[in-house]
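Data file: work11.pdb. Format and content: PDB, C-alpha atoms.
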MODEL        1
ATOM      1  CA  MET A 274      -2.708 -24.880 -39.588
ATOM      2  CA  TYR A 275      -4.710 -21.772 -38.862
ATOM      3  CA  LEU A 276      -5.346 -19.631 -35.815
ATOM      4  CA  GLY A 277      -8.833 -19.296 -34.422
ATOM      5  CA  ARG A 278     -10.928 -18.516 -31.400
ATOM      6  CA  VAL A 279     -13.614 -20.733 -29.922
ATOM      7  CA  VAL A 280     -16.825 -18.731 -30.104
ATOM      8  CA  GLY A 281     -19.438 -21.404 -29.591
ATOM      9  CA  ARG A 282     -20.438 -25.028 -29.654
ATOM     10  CA  VAL A 283     -22.671 -27.118 -31.851
ATOM     11  CA  TRP A 284     -24.833 -30.033 -30.831
ATOM     12  CA  ALA A 285     -26.361 -32.385 -33.363
ATOM     13  CA  THR A 286     -28.497 -35.342 -32.476
ATOM     14  CA  ALA A 287     -28.852 -36.880 -35.888
ATOM     15  CA  LYS A 288     -25.416 -37.130 -37.435
ATOM     16  CA  ASN A 289     -23.007 -39.515 -39.046
ATOM     17  CA  ALA A 290     -22.194 -42.370 -36.691
ATOM     18  CA  SER A 291     -18.487 -41.560 -36.837
ATOM     19  CA  LEU A 292     -19.204 -38.219 -35.183
ATOM     20  CA  GLU A 293     -20.767 -39.755 -32.084
ATOM     21  CA  GLY A 294     -19.065 -38.499 -28.965
ATOM     22  CA  GLN A 295     -17.075 -35.799 -30.739
ATOM     23  CA  ARG A 296     -17.181 -32.217 -29.552
ATOM     24  CA  MET A 297     -18.003 -29.669 -32.218
ATOM     25  CA  LEU A 298     -16.836 -26.089 -31.795
ATOM     26  CA  VAL A 299     -17.640 -22.909 -33.649
ATOM     27  CA  ILE A 300     -14.315 -21.331 -34.584
ATOM     28  CA  GLN A 301     -13.714 -17.787 -35.746
ATOM     29  CA  PRO A 302     -10.483 -17.712 -37.778
ATOM     30  CA  LEU A 303      -7.995 -15.075 -36.623
ATOM     31  CA  THR A 304      -4.936 -13.329 -37.926
ATOM     32  CA  PRO A 305      -1.796 -13.585 -35.772
ATOM     33  CA  GLU A 306      -2.713 -10.126 -34.491
ATOM     34  CA  LEU A 307      -5.965 -11.689 -33.267
ATOM     35  CA  ARG A 308      -8.271  -9.876 -35.599
ATOM     36  CA  SER A 309     -11.168 -11.861 -37.009
ATOM     37  CA  THR A 310     -10.746 -12.938 -40.594
ATOM     38  CA  GLY A 311     -13.130 -14.845 -42.785
ATOM     39  CA  LYS A 312     -16.263 -16.496 -41.528
ATOM     40  CA  PRO A 313     -16.792 -18.826 -38.573
ATOM     41  CA  LEU A 314     -16.702 -22.546 -39.184
ATOM     42  CA  ILE A 315     -17.336 -25.761 -37.276
ATOM     43  CA  CYS A 316     -14.380 -27.848 -36.109
ATOM     44  CA  LEU A 317     -14.148 -31.088 -34.185
ATOM     45  CA  ASP A 318     -12.040 -30.915 -31.051
ATOM     46  CA  SER A 319      -9.061 -33.049 -30.044
ATOM     47  CA  THR A 320      -7.787 -30.835 -27.227
ATOM     48  CA  GLY A 321     -10.644 -29.966 -24.886
ATOM     49  CA  ALA A 322     -10.661 -26.290 -25.853
ATOM     50  CA  GLY A 323     -13.267 -24.099 -24.200
ATOM     51  CA  ALA A 324     -15.141 -20.927 -25.010
ATOM     52  CA  GLY A 325     -12.973 -17.927 -25.768
ATOM     53  CA  GLU A 326      -9.717 -19.805 -26.085
ATOM     54  CA  ILE A 327      -7.259 -19.137 -28.886
ATOM     55  CA  ILE A 328      -6.587 -22.376 -30.714
ATOM     56  CA  TYR A 329      -5.090 -23.634 -33.920
ATOM     57  CA  TRP A 330      -6.794 -26.025 -36.274
ATOM     58  CA  VAL A 331      -5.989 -28.202 -39.266
ATOM     59  CA  ARG A 332      -7.941 -28.621 -42.439
ATOM     60  CA  GLY A 333      -8.352 -31.552 -44.795
ATOM     61  CA  ARG A 334      -7.634 -35.246 -44.437
ATOM     62  CA  GLU A 335      -5.442 -34.521 -41.442
ATOM     63  CA  ALA A 336      -8.493 -33.376 -39.519
ATOM     64  CA  SER A 337      -9.699 -36.924 -39.024
ATOM     65  CA  ILE A 338      -6.186 -38.240 -38.442
ATOM     66  CA  ALA A 339      -6.068 -36.026 -35.361
ATOM     67  CA  LEU A 340      -8.783 -38.174 -33.808
ATOM     68  CA  LEU A 341      -7.340 -41.607 -34.463
ATOM     69  CA  PRO A 342      -8.412 -44.324 -34.044
ATOM     70  CA  ALA A 343     -11.944 -42.978 -34.423
ATOM     71  CA  GLU A 344     -11.243 -41.217 -37.734
ATOM     72  CA  PRO A 345     -14.508 -39.309 -37.809
ATOM     73  CA  ALA A 346     -15.866 -37.717 -40.948
ATOM     74  CA  ALA A 347     -14.350 -34.296 -40.300
ATOM     75  CA  ASP A 348     -12.587 -31.774 -42.474
ATOM     76  CA  THR A 349     -11.469 -29.391 -39.730
ATOM     77  CA  THR A 350     -10.205 -30.223 -36.244
ATOM     78  CA  VAL A 351      -8.773 -28.190 -33.396
ATOM     79  CA  VAL A 352      -5.344 -29.643 -32.575
ATOM     80  CA  GLY A 353      -3.825 -27.197 -30.103
ATOM     81  CA  ILE A 354      -4.564 -24.494 -27.548
ATOM     82  CA  VAL A 355      -2.364 -21.445 -27.957
ATOM     83  CA  ASP A 356      -0.476 -20.162 -24.924
ATOM     84  CA  THR A 357       1.483 -17.345 -26.509
ATOM     85  CA  ILE A 358       2.263 -15.899 -29.918
ATOM     86  CA  HIS A 359       5.552 -14.083 -30.349
ATOM     87  CA  LEU A 360       5.411 -11.594 -33.174
ATOM     88  CA  PRO A 361       8.629  -9.628 -33.250
ATOM     89  CA  THR A 362       8.656  -7.112 -36.053
ATOM     90  CA  ALA A 363      10.360  -9.133 -38.701
ATOM     91  CA  PRO A 364      12.715  -7.417 -41.117
ATOM     92  CA  GLY A 365      12.013  -7.692 -44.793
ATOM     93  CA  VAL A 366       9.318  -7.288 -47.340
ATOM     94  CA  GLY A 367       5.734  -7.680 -46.348
ATOM     95  CA  THR A 368       6.162  -8.224 -42.665
ATOM     96  CA  GLY A 369       7.513  -5.093 -41.101
ATOM     97  CA  GLU A 370       4.598  -3.030 -42.236
ATOM     98  CA  LYS A 371       1.973  -5.390 -40.957
ATOM     99  CA  GLY A 372       3.695  -6.038 -37.686
ATOM    100  CA  ALA A 373       4.195  -2.407 -36.948
ATOM    101  CA  GLU A 374       0.652  -1.407 -37.688
ATOM    102  CA  SER A 375      -1.374  -4.073 -36.074
ATOM    103  CA  ARG A 376       0.424  -5.625 -33.196
ATOM    104  CA  PRO A 377      -1.622  -5.802 -30.055
ATOM    105  CA  ALA A 378      -1.388  -2.684 -27.942
ATOM    106  CA  GLY A 379       0.341  -4.543 -25.151
ATOM    107  CA  ALA A 380       3.298  -5.330 -27.347
ATOM    108  CA  ALA A 381       4.335  -1.714 -27.499
ATOM    109  CA  ALA A 382       4.710  -1.649 -23.728
ATOM    110  CA  GLY A 383       7.235  -4.425 -23.757
ATOM    111  CA  GLU A 384       4.823  -7.294 -23.474
ATOM    112  CA  THR A 385       4.728 -10.011 -26.016
ATOM    113  CA  GLY A 386       1.873 -10.056 -28.432
ATOM    114  CA  ALA A 387       0.769 -13.230 -26.788
ATOM    115  CA  GLN A 388       0.272 -11.675 -23.420
ATOM    116  CA  ALA A 389      -1.926  -9.133 -25.020
ATOM    117  CA  ALA A 390      -3.702 -11.954 -26.751
ATOM    118  CA  LEU A 391      -4.543 -13.747 -23.580
ATOM    119  CA  GLU A 392      -5.727 -10.585 -21.922
ATOM    120  CA  ARG A 393      -8.058 -10.065 -24.777
ATOM    121  CA  THR A 394      -9.299 -13.583 -24.433
ATOM    122  CA  GLU A 395     -10.270 -12.986 -20.865
ATOM    123  CA  ALA A 396     -11.847  -9.690 -21.758
ATOM    124  CA  GLY A 397     -14.420 -11.364 -23.909
ATOM    125  CA  PRO A 398     -14.625 -14.130 -26.447
ATOM    126  CA  ARG A 399     -17.309 -12.550 -28.555
ATOM    127  CA  ILE A 400     -16.417 -11.854 -32.118
ATOM    128  CA  ALA A 401     -17.673  -8.311 -32.081
ATOM    129  CA  GLN A 402     -15.547  -7.433 -29.101
ATOM    130  CA  THR A 403     -12.565  -8.951 -30.780
ATOM    131  CA  GLY A 404     -13.177  -6.803 -33.778
ATOM    132  CA  GLU A 405     -13.406  -3.696 -31.678
ATOM    133  CA  ALA A 406     -10.327  -4.516 -29.720
ATOM    134  CA  GLY A 407      -8.289  -4.980 -32.848
ATOM    135  CA  ALA A 408      -9.901  -2.215 -34.807
ATOM    136  CA  GLN A 409      -7.527   0.442 -33.606
ATOM    137  CA  SER A 410      -5.268  -0.284 -36.532
ATOM    138  CA  ALA A 411      -6.993  -2.309 -39.135
ATOM    139  CA  PRO A 412      -6.553  -0.397 -42.336
ATOM    140  CA  ASP A 413      -5.905  -3.315 -44.601
ATOM    141  CA  GLY A 414      -9.413  -4.369 -45.354
ATOM    142  CA  VAL A 415      -9.701  -7.315 -43.015
ATOM    143  CA  PRO A 416     -13.428  -7.736 -42.763
ATOM    144  CA  ALA A 417     -14.800  -7.088 -39.330
ATOM    145  CA  ALA A 418     -16.870 -10.037 -38.271
ATOM    146  CA  THR A 419     -20.407  -8.862 -38.233
ATOM    147  CA  ASN A 420     -22.080 -12.182 -38.591
ATOM    148  CA  GLY A 421     -23.030 -14.018 -35.463
ATOM    149  CA  THR A 422     -21.810 -17.294 -34.142
ATOM    150  CA  GLN A 423     -24.302 -19.326 -36.067
ATOM    151  CA  ALA A 424     -23.192 -21.902 -38.548
ATOM    152  CA  ALA A 425     -21.192 -20.386 -41.362
ATOM    153  CA  PRO A 426     -23.221 -19.755 -44.461
ATOM    154  CA  LYS A 427     -21.771 -21.445 -47.455
ATOM    155  CA  ASP A 428     -21.106 -18.383 -49.489
ATOM    156  CA  PRO A 429     -18.456 -19.401 -51.984
ATOM    157  CA  ALA A 430     -17.640 -15.873 -53.052
ATOM    158  CA  ALA A 431     -17.418 -13.960 -49.827
ATOM    159  CA  PRO A 432     -16.462 -10.449 -50.871
ATOM    160  CA  GLY A 433     -13.626  -8.916 -48.971
ATOM    161  CA  ALA A 434     -12.416 -12.165 -47.475
ATOM    162  CA  SER A 435      -8.685 -11.872 -47.251
ATOM    163  CA  ARG A 436      -8.023 -15.583 -46.955
ATOM    164  CA  THR A 437      -6.338 -17.456 -49.689
ATOM    165  CA  PRO A 438      -8.745 -19.434 -51.841
ATOM    166  CA  THR A 439      -7.716 -22.711 -50.268
ATOM    167  CA  HIS A 440      -9.157 -21.542 -46.986
ATOM    168  CA  ARG A 441     -12.641 -21.615 -48.411
ATOM    169  CA  LYS A 442     -12.591 -25.365 -48.360
ATOM    170  CA  GLY A 443     -12.331 -25.215 -44.624
ATOM    171  CA  ARG A 444     -15.707 -23.652 -44.307
ATOM    172  CA  ARG A 445     -17.535 -26.695 -45.486
ATOM    173  CA  CYS A 446     -18.296 -28.573 -42.322
TER     174      CYS A 446
ATOM    175  CA  MET B 210       4.294 -25.135 -51.941
ATOM    176  CA  LEU B 211       4.339 -21.479 -51.048
ATOM    177  CA  ILE B 212       6.934 -18.808 -50.599
ATOM    178  CA  ALA B 213       6.540 -17.366 -47.133
ATOM    179  CA  ARG B 214       8.278 -15.393 -44.454
ATOM    180  CA  VAL B 215       8.488 -16.442 -40.836
ATOM    181  CA  VAL B 216       6.940 -13.636 -38.792
ATOM    182  CA  GLY B 217       6.583 -15.220 -35.392
ATOM    183  CA  GLU B 218       6.515 -18.236 -33.161
ATOM    184  CA  LEU B 219       3.623 -19.816 -31.364
ATOM    185  CA  VAL B 220       3.675 -21.657 -28.056
ATOM    186  CA  ALA B 221       1.061 -24.232 -27.162
ATOM    187  CA  THR B 222       1.164 -26.551 -24.179
ATOM    188  CA  GLN B 223      -2.027 -28.426 -24.845
ATOM    189  CA  LYS B 224      -1.675 -29.821 -28.330
ATOM    190  CA  HIS B 225      -1.700 -32.994 -30.334
ATOM    191  CA  PRO B 226       1.161 -35.253 -29.212
ATOM    192  CA  SER B 227       2.559 -35.412 -32.730
ATOM    193  CA  HIS B 228       3.323 -31.679 -32.590
ATOM    194  CA  GLU B 229       5.553 -31.989 -29.551
ATOM    195  CA  GLY B 230       9.237 -31.312 -29.995
ATOM    196  CA  ARG B 231       8.812 -29.175 -33.104
ATOM    197  CA  LYS B 232       8.574 -25.421 -33.343
ATOM    198  CA  LEU B 233       5.305 -23.896 -34.431
ATOM    199  CA  LEU B 234       5.991 -20.971 -36.720
ATOM    200  CA  VAL B 235       3.696 -18.161 -37.807
ATOM    201  CA  VAL B 236       4.425 -17.786 -41.520
ATOM    202  CA  GLN B 237       3.106 -15.133 -43.870
ATOM    203  CA  PRO B 238       2.702 -16.378 -47.462
ATOM    204  CA  LEU B 239       4.164 -13.988 -50.021
ATOM    205  CA  ASN B 240       3.521 -13.090 -53.610
ATOM    206  CA  LEU B 241       6.367 -13.121 -56.092
ATOM    207  CA  ASP B 242       6.815  -9.393 -55.598
ATOM    208  CA  GLY B 243       7.190  -9.889 -51.864
ATOM    209  CA  SER B 244       3.827  -8.540 -50.822
ATOM    210  CA  ASN B 245       1.603 -10.423 -48.409
ATOM    211  CA  ARG B 246      -0.621 -13.091 -49.873
ATOM    212  CA  GLY B 247      -3.615 -13.688 -47.648
ATOM    213  CA  ASP B 248      -3.357 -14.182 -43.926
ATOM    214  CA  ALA B 249      -0.525 -15.706 -41.991
ATOM    215  CA  VAL B 250      -0.794 -19.379 -41.125
ATOM    216  CA  ILE B 251       0.761 -21.778 -38.625
ATOM    217  CA  ALA B 252       3.306 -24.308 -39.853
ATOM    218  CA  LEU B 253       5.406 -26.920 -38.102
ATOM    219  CA  ASP B 254       9.119 -26.427 -38.508
ATOM    220  CA  ALA B 255      11.138 -29.115 -40.295
ATOM    221  CA  VAL B 256      14.321 -27.142 -41.008
ATOM    222  CA  ASP B 257      14.975 -25.035 -37.876
ATOM    223  CA  ALA B 258      13.835 -21.760 -39.392
ATOM    224  CA  GLY B 259      13.569 -18.535 -37.436
ATOM    225  CA  VAL B 260      11.816 -15.190 -37.540
ATOM    226  CA  GLY B 261      12.687 -13.201 -40.655
ATOM    227  CA  ASP B 262      13.664 -16.177 -42.800
ATOM    228  CA  ARG B 263      12.154 -16.548 -46.242
ATOM    229  CA  VAL B 264      11.058 -20.145 -46.479
ATOM    230  CA  LEU B 265       9.292 -22.762 -48.527
ATOM    231  CA  VAL B 266       6.048 -24.014 -46.987
ATOM    232  CA  ALA B 267       4.339 -27.275 -47.871
ATOM    233  CA  THR B 268       0.589 -26.805 -47.648
ATOM    234  CA  GLU B 269      -0.591 -30.353 -48.062
ATOM    235  CA  GLY B 270      -0.802 -33.053 -45.476
ATOM    236  CA  PHE B 271       1.323 -35.856 -46.827
ATOM    237  CA  SER B 272       4.285 -33.694 -47.758
ATOM    238  CA  ALA B 273       4.102 -31.799 -44.484
ATOM    239  CA  MET B 274       3.933 -34.957 -42.377
ATOM    240  CA  THR B 275       6.767 -36.559 -44.300
ATOM    241  CA  ALA B 276       8.972 -33.498 -43.973
ATOM    242  CA  VAL B 277       8.406 -33.305 -40.237
ATOM    243  CA  GLY B 278       8.902 -37.043 -39.895
ATOM    244  CA  ARG B 279       5.560 -37.714 -38.251
ATOM    245  CA  PRO B 280       3.469 -39.835 -40.579
ATOM    246  CA  ASN B 281      -0.214 -40.181 -39.781
ATOM    247  CA  SER B 282      -0.406 -37.044 -37.728
ATOM    248  CA  PRO B 283      -2.598 -33.945 -38.059
ATOM    249  CA  ILE B 284      -0.092 -31.688 -39.784
ATOM    250  CA  ASP B 285      -1.191 -29.802 -42.880
ATOM    251  CA  MET B 286       1.578 -27.227 -43.161
ATOM    252  CA  ALA B 287       5.305 -27.431 -42.630
ATOM    253  CA  VAL B 288       8.309 -25.254 -43.304
ATOM    254  CA  ILE B 289      10.426 -27.485 -45.509
ATOM    255  CA  GLY B 290      13.230 -25.258 -46.769
ATOM    256  CA  PHE B 291      14.960 -21.889 -46.879
ATOM    257  CA  ILE B 292      14.781 -19.799 -50.016
ATOM    258  CA  ASP B 293      18.109 -18.324 -51.024
ATOM    259  CA  HIS B 294      17.204 -16.826 -54.345
ATOM    260  CA  ILE B 295      14.351 -16.630 -56.836
ATOM    261  CA  ASP B 296      14.986 -16.029 -60.523
ATOM    262  CA  LEU B 297      12.082 -14.784 -62.604
ATOM    263  CA  MET B 298      11.681 -14.172 -66.309
ATOM    264  CA  PRO B 299      11.443 -10.524 -67.255
ATOM    265  CA  GLY B 300       7.916  -9.259 -66.885
ATOM    266  CA  VAL B 301       6.885 -11.817 -64.281
ATOM    267  CA  SER B 302       6.123 -10.462 -60.865
TER     268      SER B 302
ENDMDL
END
Full structure transcribed into structure tokens:
Amino acid sequence: MYLGRVVGRVWATAKNASLEGQRMLVIQPLTPELRSTGKPLICLDSTGAGAGEIIYWVRGREASIALLPAEPAADTTVVGIVDTIHLPTAPGVGTGEKGAESRPAGAAAGETGAQAALERTEAGPRIAQTGEAGAQSAPDGVPAATNGTQAAPKDPAAPGASRTPTHRKGRRC
Amino acid sequence: MLIARVVGELVATQKHPSHEGRKLLVVQPLNLDGSNRGDAVIALDAVDAGVGDRVLVATEGFSAMTAVGRPNSPIDMAVIGFIDHIDLMPGVS
């Protein structure tokens, strides 16, 4: 499953019959620190998520299982709305550094990262604002989302994308 | 399957019913040298892992569902084991 933020909706009149009645959301994938990562994609919705909400989504065959018994022709589906994310600075290789550098600002004041996350949600769901809010400590090359909330272009070799290669499949909607 | 480290926990009230009763973990996939490999992902917990643990993550639906014990549910990642030790040939990293 992957984290994301709802940044828009998609309507389609002419579509596969299995998609009738399904909500389609534009999702901007996020890191646990709530910085945008990768390009937006279209997901079906099984939770009733609304604009600006932090959600998590599944990719692959499981995406249509989430909407049983309809089993629509989907490869990504939103399956949960995130309340909080707890990101204590974990000991060990590869985590301490990231956690220390890029936790939400609220975490330093004794709040959980999640509280900061929700505040940011209310502040504005737009991708650009998200990027600015998280840009205070983003030295690791996570691409700032500069593209709009339109449908994700199918660019198979997005330079600078820090996702693992498997994530690219999720963009095909 | 991936080597990963648990870096956090996620709480969601509104979620698919099949995810209820299991922890949602934020796991950071790792390279063999211990550095981060891509972005962190969300995985359902099948072994009662906690923050800081180095774990094995199934990244495919069937294995994840089976490990969690929820067949036919929208689960594509699950923490399915703890890693105690990794032995590598010389020169591999």
Can I get the residues of chain B within 7 Å of chain A, each with the closest pair of atoms and their distance in Å to one decimal, using only C-alpha atoms, sorted chain first then ascending number, as a Markdown table?
| residue | atom | partner | partner_atom | distance |
| --- | --- | --- | --- | --- |
| B:Val216 | CA | A:Ala363 | CA | 5.7 |
| B:Gly217 | CA | A:Leu360 | CA | 4.4 |
| B:Glu218 | CA | A:His359 | CA | 5.1 |
| B:Leu219 | CA | A:Ile358 | CA | 4.4 |
| B:Val220 | CA | A:Thr357 | CA | 5.1 |
| B:Ala221 | CA | A:Val355 | CA | 4.5 |
| B:Thr222 | CA | A:Asp356 | CA | 6.6 |
| B:Gln223 | CA | A:Ile354 | CA | 5.4 |
| B:Lys224 | CA | A:Gly353 | CA | 3.8 |
| B:His225 | CA | A:Val352 | CA | 5.4 |
| B:Gly243 | CA | A:Val366 | CA | 5.6 |
| B:Ser244 | CA | A:Gly367 | CA | 4.9 |
| B:Asn245 | CA | A:Gly367 | CA | 5.4 |
| B:Gly247 | CA | A:Arg436 | CA | 4.8 |
| B:Asp248 | CA | A:Arg436 | CA | 5.7 |
| B:Ala249 | CA | A:Thr304 | CA | 6.5 |
| B:Val250 | CA | A:Tyr275 | CA | 5.1 |
| B:Ile251 | CA | A:Met274 | CA | 4.8 |
| B:Ala252 | CA | A:Met274 | CA | 6.0 |
| B:Val260 | CA | A:Ala363 | CA | 6.3 |
| B:Gly261 | CA | A:Ala363 | CA | 5.1 |
| B:Gly270 | CA | A:Glu335 | CA | 6.3 |
| B:Asn281 | CA | A:Ile338 | CA | 6.4 |
| B:Ser282 | CA | A:Ile338 | CA | 5.9 |
| B:Pro283 | CA | A:Glu335 | CA | 4.5 |
| B:Ile284 | CA | A:Glu335 | CA | 6.3 |
| B:Asp285 | CA | A:Met274 | CA | 6.1 |
| B:Met286 | CA | A:Met274 | CA | 6.1 |
Please write the residues picked by the PyMOL selection byres ((chain A and resi 281) around 8) on this file as number ranges by chain. A: 279-280, 282-283, 298-300, 324, 422
Give, as lines of an AutoDock Vina configuration file, the centre coordinates and the x, y and z edge lengths in Å to one decimal for an axis-aligned box around all listed atoms of segment 264-280 of chain B, padded by 8 Å on each side.
center_x = 5.1
center_y = -30.0
center_z = -43.4
size_x = 27.9
size_y = 35.7
size_z = 26.3
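Residues with at least one atom no more than 10 Å from (7.1, -32.4, -31.9), using only C-alpha atoms, are B:Lys224, B:His225, B:Pro226, B:Ser227, B:His228, B:Glu229, B:Gly230, B:Arg231, B:Lys232, B:Leu233, B:Leu253, B:Asp254, B:Ala255, B:Val277, B:Gly278, B:Arg279.
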Selected residues written out with C-alpha atoms, as an mmCIF file, in the coordinates of the input:
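As written to disk, part16.cif reads:
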data_model
loop_
_atom_site.group_PDB
_atom_site.id
_atom_site.type_symbol
_atom_site.label_atom_id
_atom_site.label_comp_id
_atom_site.auth_asym_id
_atom_site.auth_seq_id
_atom_site.Cartn_x
_atom_site.Cartn_y
_atom_site.Cartn_z
ATOM 1 C CA LYS B 224 -1.675 -29.821 -28.330
ATOM 2 C CA HIS B 225 -1.700 -32.994 -30.334
ATOM 3 C CA PRO B 226 1.161 -35.253 -29.212
ATOM 4 C CA SER B 227 2.559 -35.412 -32.730
ATOM 5 C CA HIS B 228 3.323 -31.679 -32.590
ATOM 6 C CA GLU B 229 5.553 -31.989 -29.551
ATOM 7 C CA GLY B 230 9.237 -31.312 -29.995
ATOM 8 C CA ARG B 231 8.812 -29.175 -33.104
ATOM 9 C CA LYS B 232 8.574 -25.421 -33.343
ATOM 10 C CA LEU B 233 5.305 -23.896 -34.431
ATOM 11 C CA LEU B 253 5.406 -26.920 -38.102
ATOM 12 C CA ASP B 254 9.119 -26.427 -38.508
ATOM 13 C CA ALA B 255 11.138 -29.115 -40.295
ATOM 14 C CA VAL B 277 8.406 -33.305 -40.237
ATOM 15 C CA GLY B 278 8.902 -37.043 -39.895
ATOM 16 C CA ARG B 279 5.560 -37.714 -38.251
#
Between atom CA of Thr275 of chain B and atom CA of Leu297 of chain B, distance in Å (one decimal):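 That distance, rounded to one decimal, is 28.9 Å.
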To one decimal place in Å, what is the distance between atom CA of Ala267 of chain B and atom CA of Pro342 of chain A?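 Computing it gives 25.4 Å between the two atoms.
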Just want the 7 Å neighbourhood of segment 210-212 of chain B, counted on only C-alpha atoms, with same-chain residues fewer than 5 positions away dropped. Output as a ChimeraX atom specification. /B:238-239,264-268
What does the distance from atom CA of Val288 of chain B to atom CA of Ser302 of chain B come to in Å, to one decimal? 23.1 Å
Taking all atoms listed in the file into account, which of B:Met298, B:Leu241, B:Ala258, B:Met274 comes nearest Val215 of chain B?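 Counting all atoms listed in the file, the residue closest to Val215 of chain B is B:Ala258.
Among the candidate residues A:Leu317, A:Asp348, A:Ala343, A:Gly325, the one lying nearest to Arg296 of chain A is A:Leu317, with distances computed using only C-alpha atoms.
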Take segment 214-220 of chain B from the block and save it with all heavy atoms, as a PDB file, in the first residue's frame.
ATOM      1  N   ARG B 214      12.800  -1.751   6.867  1.00  0.00           N
ATOM      2  CA  ARG B 214      12.790  -1.419   8.292  1.00  0.00           C
ATOM      3  C   ARG B 214      11.488  -0.708   8.629  1.00  0.00           C
ATOM      4  O   ARG B 214      11.027   0.141   7.864  1.00  0.00           O
ATOM      5  CB  ARG B 214      13.980  -0.532   8.664  1.00  0.00           C
ATOM      6  CG  ARG B 214      14.135  -0.393  10.175  1.00  0.00           C
ATOM      7  CD  ARG B 214      15.360   0.385  10.569  1.00  0.00           C
ATOM      8  NE  ARG B 214      16.604  -0.234  10.169  1.00  0.00           N
ATOM      9  CZ  ARG B 214      17.223  -1.231  10.811  1.00  0.00           C
ATOM     10  NH1 ARG B 214      16.690  -1.708  11.918  1.00  0.00           N
ATOM     11  NH2 ARG B 214      18.348  -1.723  10.382  1.00  0.00           N
ATOM     12  N   VAL B 215      10.930  -1.083   9.766  1.00  0.00           N
ATOM     13  CA  VAL B 215       9.690  -0.428  10.200  1.00  0.00           C
ATOM     14  C   VAL B 215      10.049   0.941  10.754  1.00  0.00           C
ATOM     15  O   VAL B 215      10.848   1.043  11.683  1.00  0.00           O
ATOM     16  CB  VAL B 215       8.974  -1.273  11.269  1.00  0.00           C
ATOM     17  CG1 VAL B 215       7.677  -0.589  11.690  1.00  0.00           C
ATOM     18  CG2 VAL B 215       8.706  -2.674  10.765  1.00  0.00           C
ATOM     19  N   VAL B 216       9.488   1.991  10.164  1.00  0.00           N
ATOM     20  CA  VAL B 216       9.818   3.350  10.608  1.00  0.00           C
ATOM     21  C   VAL B 216       8.632   4.062  11.250  1.00  0.00           C
ATOM     22  O   VAL B 216       8.784   5.160  11.767  1.00  0.00           O
ATOM     23  CB  VAL B 216      10.357   4.206   9.442  1.00  0.00           C
ATOM     24  CG1 VAL B 216      11.641   3.638   8.894  1.00  0.00           C
ATOM     25  CG2 VAL B 216       9.325   4.350   8.334  1.00  0.00           C
ATOM     26  N   GLY B 217       7.473   3.459  11.215  1.00  0.00           N
ATOM     27  CA  GLY B 217       6.341   4.145  11.825  1.00  0.00           C
ATOM     28  C   GLY B 217       5.084   3.304  11.773  1.00  0.00           C
ATOM     29  O   GLY B 217       5.067   2.207  11.218  1.00  0.00           O
ATOM     30  N   GLU B 218       4.052   3.856  12.388  1.00  0.00           N
ATOM     31  CA  GLU B 218       2.748   3.205  12.356  1.00  0.00           C
ATOM     32  C   GLU B 218       1.717   4.193  11.851  1.00  0.00           C
ATOM     33  O   GLU B 218       1.870   5.401  12.009  1.00  0.00           O
ATOM     34  CB  GLU B 218       2.357   2.710  13.753  1.00  0.00           C
ATOM     35  CG  GLU B 218       3.259   1.612  14.258  1.00  0.00           C
ATOM     36  CD  GLU B 218       2.796   1.060  15.599  1.00  0.00           C
ATOM     37  OE1 GLU B 218       1.746   1.504  16.095  1.00  0.00           O
ATOM     38  OE2 GLU B 218       3.505   0.200  16.135  1.00  0.00           O
ATOM     39  N   LEU B 219       0.687   3.638  11.258  1.00  0.00           N
ATOM     40  CA  LEU B 219      -0.336   4.480  10.639  1.00  0.00           C
ATOM     41  C   LEU B 219      -1.682   4.097  11.245  1.00  0.00           C
ATOM     42  O   LEU B 219      -1.952   2.917  11.458  1.00  0.00           O
ATOM     43  CB  LEU B 219      -0.298   4.219   9.140  1.00  0.00           C
ATOM     44  CG  LEU B 219      -1.165   5.040   8.201  1.00  0.00           C
ATOM     45  CD1 LEU B 219      -0.458   5.154   6.859  1.00  0.00           C
ATOM     46  CD2 LEU B 219      -2.498   4.363   7.993  1.00  0.00           C
ATOM     47  N   VAL B 220      -2.483   5.089  11.530  1.00  0.00           N
ATOM     48  CA  VAL B 220      -3.815   4.843  12.087  1.00  0.00           C
ATOM     49  C   VAL B 220      -4.861   5.322  11.099  1.00  0.00           C
ATOM     50  O   VAL B 220      -4.779   6.442  10.597  1.00  0.00           O
ATOM     51  CB  VAL B 220      -4.004   5.590  13.432  1.00  0.00           C
ATOM     52  CG1 VAL B 220      -5.368   5.282  14.014  1.00  0.00           C
ATOM     53  CG2 VAL B 220      -2.906   5.216  14.402  1.00  0.00           C
TER      54      VAL B 220
END
